[in-house]
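Q: Before I ask anything, let me first share the structure, which is written out below as structure tokens.
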Amino acid sequence: MYAEASTWGYSRGQTSSPLPPGTVFHVKLTRPARRATLVVHVAASACWLGLTLGLLVLGITAAITGSAVTVEASVRAMKLFADWLLLPLAFLTFLSGLVLSLGTPWGLARHRWVYTKFWLTLATVTATVFALRPGVNSAVAAVSAGGPLPDVSEVLAGPIVSLSAYGFMTVISVLKPWGLTRRGQNLRKAARKPVDAERTSQTA
């Protein structure tokens, strides 16, 4: 979820600096490939966000309802979504965003906001694997055995943290704060040196 906004600007010729072209394994994305990857990335990101919002609604329902039947139905629905949809969408979002970052002039580690979104997305995917899904599975096991919901945080913490991260990433995608990283500054200087040398030779 960290490259879509920057790639829209790039596709319209609105890059903010004369950085070297981005490549994936030394192959620059063609315009059709970039657009196709962007469509996949945006669609996967939107689905991931919507699914997480749905999980939060189900978690809140399980936490506040007084009906054991509703609790069981809610946590079973959460498990179904987490097992079959959440991880594929998370990995698709991460991988398509990585390809877009590496295959365009924006790069992965050239702008602080892109780099921040990369690590946030990676952290969210990791939390989905090692925290959200195990928590949901634990809740399902307890409820299926006839007991109450063991811990409300098991069905609420994951979706809340994920939605907070998505909201923050959306904000920085729009605002593009913090400027270039040190690597980005070095690449910009390297790109300008041949231009400055050519101007100097023309004026000499």
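Chain labels A, B, ... are given in the sequence in which chains occur in the structure tokens; within each chain residues are numbered consecutively from 1, and ligands are likewise numbered from 1 in the order shown.
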Contacts of Pro134 in chain A at 12 Å or less, counting only C-alpha atoms, minus same-chain residues fewer than 3 places along, as a ChimeraX atom specification?

A: /A:78-79,82-83,126-131,137-141,153-155,157-158

Q: Keeping N, CA and C atoms, export the residues of the selection given above as an mmCIF file, in the first residue's frame.

A:
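Output contents, as saved in selection_29.cif:
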```
data_model
loop_
_atom_site.group_PDB
_atom_site.id
_atom_site.type_symbol
_atom_site.label_atom_id
_atom_site.label_comp_id
_atom_site.auth_asym_id
_atom_site.auth_seq_id
_atom_site.Cartn_x
_atom_site.Cartn_y
_atom_site.Cartn_z
ATOM 1 N N MET A 78 -14.914 -14.454 11.200
ATOM 2 C CA MET A 78 -13.580 -13.857 11.208
ATOM 3 C C MET A 78 -12.527 -14.879 10.796
ATOM 4 N N LYS A 79 -12.650 -16.093 11.299
ATOM 5 C CA LYS A 79 -11.692 -17.135 10.939
ATOM 6 C C LYS A 79 -11.762 -17.462 9.452
ATOM 7 N N ALA A 82 -10.074 -14.618 7.627
ATOM 8 C CA ALA A 82 -8.632 -14.606 7.910
ATOM 9 C C ALA A 82 -7.906 -15.755 7.224
ATOM 10 N N ASP A 83 -8.549 -16.918 7.153
ATOM 11 C CA ASP A 83 -7.898 -18.090 6.565
ATOM 12 C C ASP A 83 -7.835 -18.032 5.045
ATOM 13 N N THR A 126 3.242 -9.034 8.766
ATOM 14 C CA THR A 126 3.807 -9.895 9.806
ATOM 15 C C THR A 126 2.841 -10.041 10.978
ATOM 16 N N ALA A 127 2.219 -8.921 11.395
ATOM 17 C CA ALA A 127 1.256 -8.974 12.494
ATOM 18 C C ALA A 127 0.043 -9.816 12.128
ATOM 19 N N THR A 128 -0.352 -9.780 10.862
ATOM 20 C CA THR A 128 -1.477 -10.597 10.414
ATOM 21 C C THR A 128 -1.166 -12.078 10.575
ATOM 22 N N VAL A 129 0.064 -12.454 10.220
ATOM 23 C CA VAL A 129 0.461 -13.865 10.280
ATOM 24 C C VAL A 129 0.626 -14.347 11.716
ATOM 25 N N PHE A 130 1.300 -13.540 12.552
ATOM 26 C CA PHE A 130 1.717 -14.024 13.865
ATOM 27 C C PHE A 130 0.853 -13.525 15.033
ATOM 28 N N ALA A 131 -0.080 -12.605 14.781
ATOM 29 C CA ALA A 131 -0.900 -12.091 15.881
ATOM 30 C C ALA A 131 -2.394 -12.185 15.585
ATOM 31 N N ASN A 137 -8.041 -17.685 15.814
ATOM 32 C CA ASN A 137 -8.111 -19.141 15.972
ATOM 33 C C ASN A 137 -8.310 -19.536 17.436
ATOM 34 N N SER A 138 -7.644 -18.825 18.332
ATOM 35 C CA SER A 138 -7.801 -19.100 19.756
ATOM 36 C C SER A 138 -9.220 -18.803 20.220
ATOM 37 N N ALA A 139 -9.779 -17.704 19.732
ATOM 38 C CA ALA A 139 -11.149 -17.351 20.105
ATOM 39 C C ALA A 139 -12.139 -18.383 19.583
ATOM 40 N N VAL A 140 -11.946 -18.832 18.354
ATOM 41 C CA VAL A 140 -12.835 -19.842 17.777
ATOM 42 C C VAL A 140 -12.769 -21.144 18.570
ATOM 43 N N ALA A 141 -11.562 -21.556 18.944
ATOM 44 C CA ALA A 141 -11.399 -22.799 19.696
ATOM 45 C C ALA A 141 -12.116 -22.721 21.042
ATOM 46 N N SER A 153 -9.379 -8.663 23.378
ATOM 47 C CA SER A 153 -8.273 -8.127 22.579
ATOM 48 C C SER A 153 -7.876 -9.063 21.449
ATOM 49 N N GLU A 154 -8.169 -10.359 21.569
ATOM 50 C CA GLU A 154 -7.789 -11.304 20.529
ATOM 51 C C GLU A 154 -8.537 -11.060 19.219
ATOM 52 N N VAL A 155 -9.734 -10.486 19.308
ATOM 53 C CA VAL A 155 -10.520 -10.231 18.093
ATOM 54 C C VAL A 155 -10.598 -8.750 17.745
ATOM 55 N N ALA A 157 -7.732 -6.263 18.728
ATOM 56 C CA ALA A 157 -6.439 -5.588 18.631
ATOM 57 C C ALA A 157 -5.900 -5.586 17.204
ATOM 58 N N GLY A 158 -5.939 -6.746 16.544
ATOM 59 C CA GLY A 158 -5.397 -6.833 15.187
ATOM 60 C C GLY A 158 -6.059 -5.892 14.202
#
```

Q: Out of range 65-170 of chain A, which residues get alpha helix (DSSP H) from DSSP, as a ChimeraX atom specification?

A: /A:68-81,87-102,112-127,133-144,153-170

Q: What is the distance between CA of Val69 in chain A and CA of Gly50 in chain A, in Å to one decimal?

A: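 Spanning CA of Val69 in chain A to CA of Gly50 in chain A is a straight-line distance of 24.8 Å.
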
Q: Taking into account only C-alpha atoms, which residue in the set A:Leu55, A:Ala33, A:Val39, A:Val143 is nearest to Ser162 in chain A?

A: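 For Ser162 in chain A, the nearest of the candidates is A:Leu55.
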
Q: Would you compute the distance between CA of Thr93 in chain A and CA of Ser45 in chain A? Give it in Å to one decimal.

A: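 CA of Ser45 in chain A lies at a distance of 5.6 Å from CA of Thr93 in chain A.
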
Q: Smallest atom-to-atom distance to Gly59 in chain A: which of A:Leu102, A:Phe91, A:Tyr166, A:Leu149, using only C-alpha atoms?

A: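 Answer, going by the shortest atom-to-atom distance: A:Leu149.
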
Q: Quick one: everything within 7 Å of Leu56 in chain A, counting only C-alpha atoms, minus sequence neighbours fewer than 3 positions away in the same chain. Send it as a CSV table (one decimal) with N, CA and C atoms, in the first residue's frame.

A:
```csv
chain,number,residue,atom,x,y,z
A,52,THR,N,-10.4,-5.8,6.5
A,52,THR,CA,-10.0,-5.5,7.8
A,52,THR,C,-11.1,-4.7,8.6
A,53,LEU,N,-11.8,-3.8,7.9
A,53,LEU,CA,-12.9,-3.1,8.5
A,53,LEU,C,-14.0,-4.1,8.8
A,59,GLY,N,-15.5,-8.3,15.1
A,59,GLY,CA,-14.9,-8.4,16.5
A,59,GLY,C,-15.7,-7.6,17.5
A,60,ILE,N,-16.1,-6.4,17.1
A,60,ILE,CA,-16.9,-5.6,18.0
A,60,ILE,C,-18.2,-6.3,18.3
A,156,LEU,N,-10.1,-7.9,18.6
A,156,LEU,CA,-10.1,-6.4,18.3
A,156,LEU,C,-8.8,-5.8,18.1
A,159,PRO,N,-7.4,-5.9,14.1
A,159,PRO,CA,-8.1,-5.0,13.1
A,159,PRO,C,-7.8,-3.5,13.5
A,160,ILE,N,-7.8,-3.2,14.8
A,160,ILE,CA,-7.6,-1.8,15.2
A,160,ILE,C,-6.3,-1.3,14.7
```
